[in-house]
Structure formats: structure tokens, C-alpha cells
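Structure data (PDB, N, CA and C atoms and all ligand atoms) from model_10.pdb:
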```pdb
MODEL        1
ATOM      1  N   MET A 315      74.513  44.795 -37.135
ATOM      2  CA  MET A 315      74.732  46.200 -37.426
ATOM      3  C   MET A 315      75.516  46.378 -38.740
ATOM      4  N   LYS A 316      74.935  47.093 -39.648
ATOM      5  CA  LYS A 316      75.592  47.254 -40.945
ATOM      6  C   LYS A 316      76.740  48.255 -40.898
ATOM      7  N   ARG A 317      76.598  49.254 -40.017
ATOM      8  CA  ARG A 317      77.624  50.303 -39.976
ATOM      9  C   ARG A 317      78.994  49.731 -39.557
ATOM     10  N   GLY A 318      78.930  48.821 -38.598
ATOM     11  CA  GLY A 318      80.174  48.222 -38.120
ATOM     12  C   GLY A 318      80.866  47.426 -39.216
ATOM     13  N   ALA A 319      80.067  46.734 -40.032
ATOM     14  CA  ALA A 319      80.652  45.929 -41.101
ATOM     15  C   ALA A 319      81.322  46.807 -42.140
ATOM     16  N   ASP A 320      80.704  47.994 -42.382
ATOM     17  CA  ASP A 320      81.298  48.902 -43.363
ATOM     18  C   ASP A 320      82.653  49.413 -42.897
ATOM     19  N   GLN A 321      82.746  49.679 -41.601
ATOM     20  CA  GLN A 321      84.002  50.246 -41.098
ATOM     21  C   GLN A 321      85.148  49.244 -41.215
ATOM     22  N   THR A 322      84.846  47.976 -40.995
ATOM     23  CA  THR A 322      85.935  46.999 -41.097
ATOM     24  C   THR A 322      86.360  46.813 -42.553
ATOM     25  N   SER A 323      85.393  46.918 -43.450
ATOM     26  CA  SER A 323      85.766  46.734 -44.857
ATOM     27  C   SER A 323      86.616  47.895 -45.354
ATOM     28  N   ILE A 324      86.316  49.098 -44.834
ATOM     29  CA  ILE A 324      87.124  50.250 -45.234
ATOM     30  C   ILE A 324      88.545  50.116 -44.699
ATOM     31  N   SER A 325      88.681  49.686 -43.450
ATOM     32  CA  SER A 325      90.021  49.572 -42.887
ATOM     33  C   SER A 325      90.823  48.471 -43.580
ATOM     34  N   SER A 326      90.129  47.437 -44.014
ATOM     35  CA  SER A 326      90.856  46.388 -44.729
ATOM     36  C   SER A 326      91.223  46.851 -46.142
ATOM     37  N   PHE A 327      90.436  47.779 -46.669
ATOM     38  CA  PHE A 327      90.737  48.321 -47.994
ATOM     39  C   PHE A 327      92.044  49.120 -47.979
ATOM     40  N   PHE A 328      92.228  49.872 -46.897
ATOM     41  CA  PHE A 328      93.475  50.638 -46.798
ATOM     42  C   PHE A 328      94.658  49.788 -46.351
ATOM     43  N   GLY A 329      94.377  48.579 -46.002
ATOM     44  CA  GLY A 329      95.464  47.674 -45.681
ATOM     45  C   GLY A 329      95.900  47.732 -44.237
ATOM     46  N   THR A 330      95.445  46.792 -43.456
ATOM     47  CA  THR A 330      95.900  46.714 -42.069
ATOM     48  C   THR A 330      97.234  45.978 -42.038
ATOM     49  N   PRO A 331      98.160  46.445 -41.233
ATOM     50  CA  PRO A 331      99.499  45.848 -41.233
ATOM     51  C   PRO A 331      99.517  44.393 -40.756
ATOM     52  N   SER A 332      98.468  43.992 -40.024
ATOM     53  CA  SER A 332      98.473  42.622 -39.529
ATOM     54  C   SER A 332      98.285  41.609 -40.663
ATOM     55  N   LYS A 333      97.736  42.059 -41.766
ATOM     56  CA  LYS A 333      97.484  41.135 -42.875
ATOM     57  C   LYS A 333      98.672  41.031 -43.839
ATOM     58  N   ARG A 334      99.700  41.814 -43.610
ATOM     59  CA  ARG A 334     100.825  41.830 -44.547
ATOM     60  C   ARG A 334     101.728  40.607 -44.408
ATOM     61  N   GLN A 335     101.569  39.869 -43.328
ATOM     62  CA  GLN A 335     102.477  38.748 -43.106
ATOM     63  C   GLN A 335     102.264  37.618 -44.120
ATOM     64  N   ALA A 336     101.206  37.727 -44.906
ATOM     65  CA  ALA A 336     100.943  36.693 -45.896
ATOM     66  C   ALA A 336     101.960  36.756 -47.037
ATOM     67  N   ILE A 337     102.571  37.921 -47.227
ATOM     68  CA  ILE A 337     103.527  38.059 -48.331
ATOM     69  C   ILE A 337     104.869  37.469 -47.918
ATOM     70  N   GLU A 338     105.183  36.332 -48.472
ATOM     71  CA  GLU A 338     106.471  35.688 -48.199
ATOM     72  C   GLU A 338     107.054  35.209 -49.518
ATOM     73  N   THR A 339     107.968  35.949 -50.016
ATOM     74  CA  THR A 339     108.545  35.598 -51.312
ATOM     75  C   THR A 339     109.972  35.094 -51.196
ATOM     76  N   SER A 340     110.480  35.070 -49.965
ATOM     77  CA  SER A 340     111.879  34.671 -49.819
ATOM     78  C   SER A 340     112.088  33.186 -50.113
ATOM     79  N   ASP A 341     111.086  32.391 -49.808
ATOM     80  CA  ASP A 341     111.239  30.946 -50.011
ATOM     81  C   ASP A 341     110.290  30.436 -51.087
ATOM     82  N   GLY A 342     110.630  29.320 -51.667
ATOM     83  CA  GLY A 342     109.736  28.676 -52.617
ATOM     84  C   GLY A 342     109.963  29.095 -54.044
ATOM     85  N   LYS A 343     110.579  30.246 -54.270
ATOM     86  CA  LYS A 343     110.818  30.699 -55.640
ATOM     87  C   LYS A 343     112.163  30.189 -56.150
ATOM     88  N   PRO A 344     112.211  29.709 -57.349
ATOM     89  CA  PRO A 344     113.513  29.295 -57.907
ATOM     90  C   PRO A 344     114.415  30.498 -58.163
ATOM     91  N   ALA A 345     115.654  30.390 -57.735
ATOM     92  CA  ALA A 345     116.569  31.524 -57.810
ATOM     93  C   ALA A 345     117.009  31.810 -59.245
ATOM     94  N   ASN A 346     117.039  30.778 -60.065
ATOM     95  CA  ASN A 346     117.527  30.946 -61.434
ATOM     96  C   ASN A 346     116.410  31.331 -62.410
ATOM     97  N   ASN A 347     115.375  31.914 -61.874
ATOM     98  CA  ASN A 347     114.228  32.223 -62.720
ATOM     99  C   ASN A 347     114.478  33.435 -63.602
ATOM    100  N   SER A 348     115.172  34.439 -63.061
ATOM    101  CA  SER A 348     115.365  35.670 -63.820
ATOM    102  C   SER A 348     116.436  35.474 -64.885
ATOM    103  N   PRO A 349     116.089  35.741 -66.123
ATOM    104  CA  PRO A 349     117.074  35.559 -67.201
ATOM    105  C   PRO A 349     118.104  36.681 -67.211
ATOM    106  N   LYS A 350     119.364  36.301 -67.302
ATOM    107  CA  LYS A 350     120.432  37.315 -67.308
ATOM    108  C   LYS A 350     120.762  37.665 -68.745
ATOM    109  N   SER A 351     119.978  38.541 -69.331
ATOM    110  CA  SER A 351     120.181  38.899 -70.735
ATOM    111  C   SER A 351     120.878  40.245 -70.839
ATOM    112  N   THR A 352     122.060  40.334 -70.230
ATOM    113  CA  THR A 352     122.821  41.573 -70.342
ATOM    114  C   THR A 352     123.615  41.611 -71.642
ATOM    115  N   LYS A 353     123.554  40.527 -72.395
ATOM    116  CA  LYS A 353     124.352  40.423 -73.615
ATOM    117  C   LYS A 353     123.602  41.027 -74.798
ATOM    118  N   HIS A 354     123.299  42.301 -74.719
ATOM    119  CA  HIS A 354     122.635  42.944 -75.855
ATOM    120  C   HIS A 354     123.688  43.433 -76.832
ATOM    121  N   ARG A 355     123.365  43.344 -78.090
ATOM    122  CA  ARG A 355     124.332  43.709 -79.116
ATOM    123  C   ARG A 355     124.504  45.214 -79.166
ATOM    124  N   ASP A 356     125.744  45.639 -79.167
ATOM    125  CA  ASP A 356     126.017  47.066 -79.261
ATOM    126  C   ASP A 356     125.756  47.551 -80.678
ATOM    127  N   ALA A 357     125.091  48.661 -80.754
ATOM    128  CA  ALA A 357     124.792  49.232 -82.066
ATOM    129  C   ALA A 357     124.976  50.736 -81.993
ATOM    130  N   PHE A 358     125.232  51.317 -83.144
ATOM    131  CA  PHE A 358     125.425  52.760 -83.168
ATOM    132  C   PHE A 358     124.095  53.459 -82.929
ATOM    133  N   TYR A 359     124.142  54.427 -82.070
ATOM    134  CA  TYR A 359     122.943  55.158 -81.687
ATOM    135  C   TYR A 359     122.959  56.493 -82.429
ATOM    136  N   LYS A 360     122.074  56.609 -83.424
ATOM    137  CA  LYS A 360     122.137  57.746 -84.347
ATOM    138  C   LYS A 360     122.035  59.136 -83.705
ATOM    139  N   PRO A 361     121.239  59.339 -82.684
ATOM    140  CA  PRO A 361     121.198  60.675 -82.066
ATOM    141  C   PRO A 361     122.538  61.174 -81.534
ATOM    142  N   TRP A 362     123.510  60.257 -81.396
ATOM    143  CA  TRP A 362     124.841  60.708 -80.976
ATOM    144  C   TRP A 362     125.437  61.682 -81.983
ATOM    145  N   LEU A 363     125.058  61.528 -83.253
ATOM    146  CA  LEU A 363     125.601  62.405 -84.284
ATOM    147  C   LEU A 363     125.206  63.860 -84.058
ATOM    148  N   GLN A 364     124.012  64.046 -83.490
ATOM    149  CA  GLN A 364     123.589  65.414 -83.189
ATOM    150  C   GLN A 364     124.229  65.911 -81.898
ATOM    151  N   LYS A 365     124.402  64.990 -80.975
ATOM    152  CA  LYS A 365     124.943  65.362 -79.671
ATOM    153  C   LYS A 365     126.447  65.599 -79.746
ATOM    154  N   TYR A 366     127.116  64.696 -80.447
ATOM    155  CA  TYR A 366     128.568  64.831 -80.608
ATOM    156  C   TYR A 366     128.834  65.020 -82.101
ATOM    157  N   THR A 367     128.959  66.267 -82.496
ATOM    158  CA  THR A 367     129.011  66.582 -83.928
ATOM    159  C   THR A 367     130.307  66.133 -84.580
ATOM    160  N   TRP A 368     131.290  65.774 -83.786
ATOM    161  CA  TRP A 368     132.584  65.367 -84.341
ATOM    162  C   TRP A 368     132.630  63.885 -84.694
ATOM    163  N   ILE A 369     131.585  63.124 -84.371
ATOM    164  CA  ILE A 369     131.590  61.684 -84.648
ATOM    165  C   ILE A 369     131.352  61.437 -86.135
ATOM    166  N   VAL A 370     132.190  60.601 -86.703
ATOM    167  CA  VAL A 370     131.976  60.118 -88.065
ATOM    168  C   VAL A 370     131.747  58.623 -87.956
ATOM    169  N   HIS A 371     130.589  58.182 -88.373
ATOM    170  CA  HIS A 371     130.268  56.758 -88.256
ATOM    171  C   HIS A 371     130.391  56.070 -89.607
ATOM    172  N   GLU A 372     131.215  55.049 -89.642
ATOM    173  CA  GLU A 372     131.357  54.242 -90.851
ATOM    174  C   GLU A 372     130.693  52.897 -90.582
ATOM    175  N   ASP A 373     129.814  52.511 -91.479
ATOM    176  CA  ASP A 373     129.134  51.219 -91.317
ATOM    177  C   ASP A 373     130.151  50.088 -91.347
ATOM    178  N   ASP A 374     129.916  49.107 -90.501
ATOM    179  CA  ASP A 374     130.761  47.904 -90.392
ATOM    180  C   ASP A 374     132.183  48.216 -89.917
ATOM    181  N   GLU A 375     132.463  49.450 -89.616
ATOM    182  CA  GLU A 375     133.804  49.777 -89.125
ATOM    183  C   GLU A 375     133.746  50.287 -87.702
ATOM    184  N   GLY A 376     133.106  51.399 -87.526
ATOM    185  CA  GLY A 376     133.022  51.984 -86.199
ATOM    186  C   GLY A 376     132.953  53.495 -86.272
ATOM    187  N   MET A 377     133.372  54.118 -85.201
ATOM    188  CA  MET A 377     133.261  55.571 -85.100
ATOM    189  C   MET A 377     134.657  56.199 -85.157
ATOM    190  N   PHE A 378     134.745  57.269 -85.901
ATOM    191  CA  PHE A 378     135.974  58.048 -85.977
ATOM    192  C   PHE A 378     135.695  59.443 -85.435
ATOM    193  N   CYS A 379     136.777  60.126 -85.102
ATOM    194  CA  CYS A 379     136.639  61.515 -84.678
ATOM    195  C   CYS A 379     137.030  62.416 -85.834
ATOM    196  N   ALA A 380     136.092  63.227 -86.279
ATOM    197  CA  ALA A 380     136.335  64.101 -87.428
ATOM    198  C   ALA A 380     137.413  65.132 -87.117
ATOM    199  N   LEU A 381     137.471  65.580 -85.885
ATOM    200  CA  LEU A 381     138.445  66.610 -85.519
ATOM    201  C   LEU A 381     139.853  66.052 -85.456
ATOM    202  N   CYS A 382     139.995  64.905 -84.791
ATOM    203  CA  CYS A 382     141.338  64.352 -84.589
ATOM    204  C   CYS A 382     141.900  63.741 -85.860
ATOM    205  N   THR A 383     141.052  63.174 -86.708
ATOM    206  CA  THR A 383     141.545  62.599 -87.961
ATOM    207  C   THR A 383     141.998  63.699 -88.914
ATOM    208  N   LYS A 384     141.456  64.876 -88.726
ATOM    209  CA  LYS A 384     141.780  65.989 -89.605
ATOM    210  C   LYS A 384     143.272  66.322 -89.550
ATOM    211  N   HIS A 385     143.794  66.353 -88.362
ATOM    212  CA  HIS A 385     145.208  66.703 -88.216
ATOM    213  C   HIS A 385     146.039  65.538 -87.721
ATOM    214  N   LYS A 386     145.452  64.337 -87.762
ATOM    215  CA  LYS A 386     146.155  63.125 -87.309
ATOM    216  C   LYS A 386     146.745  63.312 -85.920
ATOM    217  N   GLN A 387     145.974  63.928 -85.119
ATOM    218  CA  GLN A 387     146.397  64.183 -83.750
ATOM    219  C   GLN A 387     146.302  62.881 -82.951
ATOM    220  N   LEU A 388     147.442  62.371 -82.526
ATOM    221  CA  LEU A 388     147.432  61.108 -81.790
ATOM    222  C   LEU A 388     147.617  61.360 -80.301
ATOM    223  N   PRO A 389     146.897  60.624 -79.523
ATOM    224  CA  PRO A 389     147.029  60.792 -78.077
ATOM    225  C   PRO A 389     148.388  60.310 -77.577
ATOM    226  N   ARG A 390     148.786  60.829 -76.451
ATOM    227  CA  ARG A 390     150.097  60.506 -75.907
ATOM    228  C   ARG A 390     150.222  59.057 -75.466
ATOM    229  N   ASN A 391     149.112  58.427 -75.158
ATOM    230  CA  ASN A 391     149.201  57.041 -74.685
ATOM    231  C   ASN A 391     149.357  56.040 -75.839
ATOM    232  N   GLY A 392     149.445  56.537 -77.060
ATOM    233  CA  GLY A 392     149.705  55.656 -78.189
ATOM    234  C   GLY A 392     148.472  55.025 -78.786
ATOM    235  N   SER A 393     147.328  55.253 -78.195
ATOM    236  CA  SER A 393     146.103  54.658 -78.732
ATOM    237  C   SER A 393     145.681  55.388 -79.999
ATOM    238  N   THR A 394     145.398  54.618 -81.018
ATOM    239  CA  THR A 394     145.013  55.241 -82.285
ATOM    240  C   THR A 394     143.518  55.127 -82.553
ATOM    241  N   SER A 395     142.793  54.639 -81.566
ATOM    242  CA  SER A 395     141.353  54.521 -81.772
ATOM    243  C   SER A 395     140.740  55.906 -81.891
ATOM    244  N   TRP A 396     139.721  55.993 -82.674
ATOM    245  CA  TRP A 396     139.012  57.225 -83.041
ATOM    246  C   TRP A 396     139.749  57.958 -84.148
ATOM    247  N   ILE A 397     141.035  57.681 -84.358
ATOM    248  CA  ILE A 397     141.800  58.438 -85.342
ATOM    249  C   ILE A 397     142.209  57.534 -86.499
ATOM    250  N   LYS A 398     143.006  56.513 -86.192
ATOM    251  CA  LYS A 398     143.434  55.589 -87.246
ATOM    252  C   LYS A 398     142.560  54.346 -87.275
ATOM    253  N   THR A 399     142.219  53.882 -86.108
ATOM    254  CA  THR A 399     141.334  52.723 -86.027
ATOM    255  C   THR A 399     139.999  53.157 -85.441
ATOM    256  N   PRO A 400     138.916  52.610 -85.943
ATOM    257  CA  PRO A 400     137.601  53.041 -85.460
ATOM    258  C   PRO A 400     137.337  52.566 -84.038
ATOM    259  N   CYS A 401     136.602  53.374 -83.325
ATOM    260  CA  CYS A 401     136.148  52.970 -82.004
ATOM    261  C   CYS A 401     134.898  52.112 -82.192
ATOM    262  N   GLN A 402     134.981  50.881 -81.723
ATOM    263  CA  GLN A 402     133.867  49.957 -81.952
ATOM    264  C   GLN A 402     133.044  49.686 -80.714
ATOM    265  N   SER A 403     133.375  50.341 -79.655
ATOM    266  CA  SER A 403     132.530  50.191 -78.468
ATOM    267  C   SER A 403     131.476  51.284 -78.500
ATOM    268  N   TYR A 404     130.295  50.874 -78.900
ATOM    269  CA  TYR A 404     129.203  51.837 -79.064
ATOM    270  C   TYR A 404     128.574  52.141 -77.712
ATOM    271  N   ARG A 405     129.330  52.832 -76.912
ATOM    272  CA  ARG A 405     128.821  53.221 -75.607
ATOM    273  C   ARG A 405     129.134  54.693 -75.397
ATOM    274  N   GLU A 406     128.212  55.355 -74.719
ATOM    275  CA  GLU A 406     128.384  56.792 -74.571
ATOM    276  C   GLU A 406     129.587  57.119 -73.683
ATOM    277  N   ASP A 407     129.928  56.222 -72.777
ATOM    278  CA  ASP A 407     131.083  56.524 -71.931
ATOM    279  C   ASP A 407     132.377  56.464 -72.735
ATOM    280  N   ALA A 408     132.402  55.629 -73.775
ATOM    281  CA  ALA A 408     133.571  55.593 -74.657
ATOM    282  C   ALA A 408     133.674  56.880 -75.460
ATOM    283  N   ILE A 409     132.531  57.407 -75.871
ATOM    284  CA  ILE A 409     132.504  58.669 -76.606
ATOM    285  C   ILE A 409     132.974  59.810 -75.708
ATOM    286  N   ARG A 410     132.427  59.791 -74.482
ATOM    287  CA  ARG A 410     132.804  60.854 -73.542
ATOM    288  C   ARG A 410     134.282  60.787 -73.203
ATOM    289  N   ARG A 411     134.815  59.552 -73.145
ATOM    290  CA  ARG A 411     136.221  59.395 -72.796
ATOM    291  C   ARG A 411     137.101  60.033 -73.870
ATOM    292  N   HIS A 412     136.713  59.842 -75.116
ATOM    293  CA  HIS A 412     137.497  60.480 -76.180
ATOM    294  C   HIS A 412     137.305  61.996 -76.152
ATOM    295  N   GLN A 413     136.086  62.399 -75.882
ATOM    296  CA  GLN A 413     135.806  63.836 -75.862
ATOM    297  C   GLN A 413     136.637  64.554 -74.799
ATOM    298  N   ASP A 414     136.894  63.857 -73.698
ATOM    299  CA  ASP A 414     137.667  64.448 -72.610
ATOM    300  C   ASP A 414     139.165  64.198 -72.754
ATOM    301  N   SER A 415     139.564  63.441 -73.777
ATOM    302  CA  SER A 415     140.980  63.124 -73.916
ATOM    303  C   SER A 415     141.752  64.358 -74.347
ATOM    304  N   THR A 416     143.026  64.383 -73.995
ATOM    305  CA  THR A 416     143.848  65.574 -74.243
ATOM    306  C   THR A 416     143.951  65.885 -75.726
ATOM    307  N   CYS A 417     144.151  64.829 -76.525
ATOM    308  CA  CYS A 417     144.355  65.074 -77.959
ATOM    309  C   CYS A 417     143.117  65.706 -78.575
ATOM    310  N   HIS A 418     141.962  65.307 -78.099
ATOM    311  CA  HIS A 418     140.733  65.857 -78.652
ATOM    312  C   HIS A 418     140.545  67.305 -78.214
ATOM    313  N   ILE A 419     140.847  67.585 -76.986
ATOM    314  CA  ILE A 419     140.701  68.951 -76.482
ATOM    315  C   ILE A 419     141.686  69.885 -77.191
ATOM    316  N   VAL A 420     142.903  69.382 -77.426
ATOM    317  CA  VAL A 420     143.903  70.153 -78.167
ATOM    318  C   VAL A 420     143.398  70.444 -79.569
ATOM    319  N   GLU A 421     142.753  69.432 -80.145
ATOM    320  CA  GLU A 421     142.234  69.561 -81.507
ATOM    321  C   GLU A 421     141.159  70.631 -81.585
ATOM    322  N   ILE A 422     140.333  70.680 -80.590
ATOM    323  CA  ILE A 422     139.281  71.709 -80.557
ATOM    324  C   ILE A 422     139.920  73.090 -80.487
ATOM    325  N   MET A 423     140.973  73.215 -79.688
ATOM    326  CA  MET A 423     141.636  74.504 -79.549
ATOM    327  C   MET A 423     142.325  74.900 -80.847
ATOM    328  N   LEU A 424     142.847  73.924 -81.586
ATOM    329  CA  LEU A 424     143.491  74.208 -82.872
ATOM    330  C   LEU A 424     142.473  74.677 -83.906
ATOM    331  N   CYS A 425     141.288  74.117 -83.799
ATOM    332  CA  CYS A 425     140.241  74.470 -84.758
ATOM    333  C   CYS A 425     139.713  75.877 -84.512
ATOM    334  N   ILE A 426     139.757  76.323 -83.287
ATOM    335  CA  ILE A 426     139.312  77.680 -82.971
ATOM    336  C   ILE A 426     140.442  78.639 -83.314
TER     337      ILE A 426
HETATM  338 ZN    ZN A 501     138.784  63.669 -81.199
ENDMDL
END
```

Output the structure of this file as C-alpha cells.
Ligand SMILES: [Zn+2]
Amino acid sequence: MKRGADQTSISSFFGTPSKRQAIETSDGKPANNSPKSTKHRDAFYKPWLQKYTWIVHEDDEGMFCALCTKHKQLPRNGSTSWIKTPCQSYREDAIRRHQDSTCHIVEIMLCI
């Protein structure tokens, strides 16, 4: 009977759960196969200049804050990064951290 054969092929096409036991990836694979390449070089991401208009990027130095350097506004914790020394961690969370810092917020209020 041809009709019966067609029905089994359709059901196998949609995947019967009894056939799934063939997938066994827990054993036999070398664990050290995946390369851990998290060591990507940090680089300045140019669209940040449009997003954070206060960033001043100096090549080979890092990022400065145009607002805070203007009035030499130093944060209370004594850190001079973004103002006297460039911020060299090219990560958006570092940018956001400065943006949310008190000295920067004060600077924005002074500018207004
Ligand atoms: Zn600032």
C-alpha cells in the first residue's frame, strides 16, 4: 500500500520524538575545542561621538570630557580620568559611569 508509506514519511519529516535519542553530544567531544578569544583589543568606537557629544577623543591618548575639562571640575573621589588623564577603557559602561558621575552632572548644570 503506497498510502501507508506516505504517511510514515510525513510523520518522520515532522520529527517523531522516538528518533531524537540519537543526538548525544555530551560525550566524545573534546572540552577544550572552543577557543576563548575574549581578548579583543579595545578601540574607540566613533559613533560614541554622536551619542555622547561631550567626548573628546585624542589618538593614542584616550577620551576626555569636554565639559569637565572646561572648568577643571574634579570628582570628589580624586580621580582625574576624563579630565586630566584620558580615559583609556573604550567601553560604553566607562562612558556611562562618567556621564552619571556627580562632577559631570554638576558641569552640565553649570553650562545651562
Ligand atoms: Zn564630564

* Evaluate the PyMOL selection byres (((not hetatm)) within 7 of (chain A and resi 501)) here and jot the selected residues down as a VMD selection string. => chain A and resid 378 to 383 396 412 to 413 417 to 419 421

If you measure from atom C of A:Ile422 to atom C of A:His371, what distance in Å do you get, rounded to one decimal?
->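 Between these atoms lies a distance of 21.5 Å.
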
>> Rounded to one decimal, what separation in Å do you get between atom CA of A:Trp362 and atom CA of A:His385?
In response: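 That distance, rounded to one decimal, is 22.4 Å.
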
Counting only N, CA and C atoms, what is within 8 Å of stretch 356-359 of chain A, bar same-chain residues fewer than 3 positions away, as a ChimeraX atom specification? /A:353,362-364,402-405

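You will find atom CA of A:Thr367 at 18.5 Å from atom C of A:Thr394.
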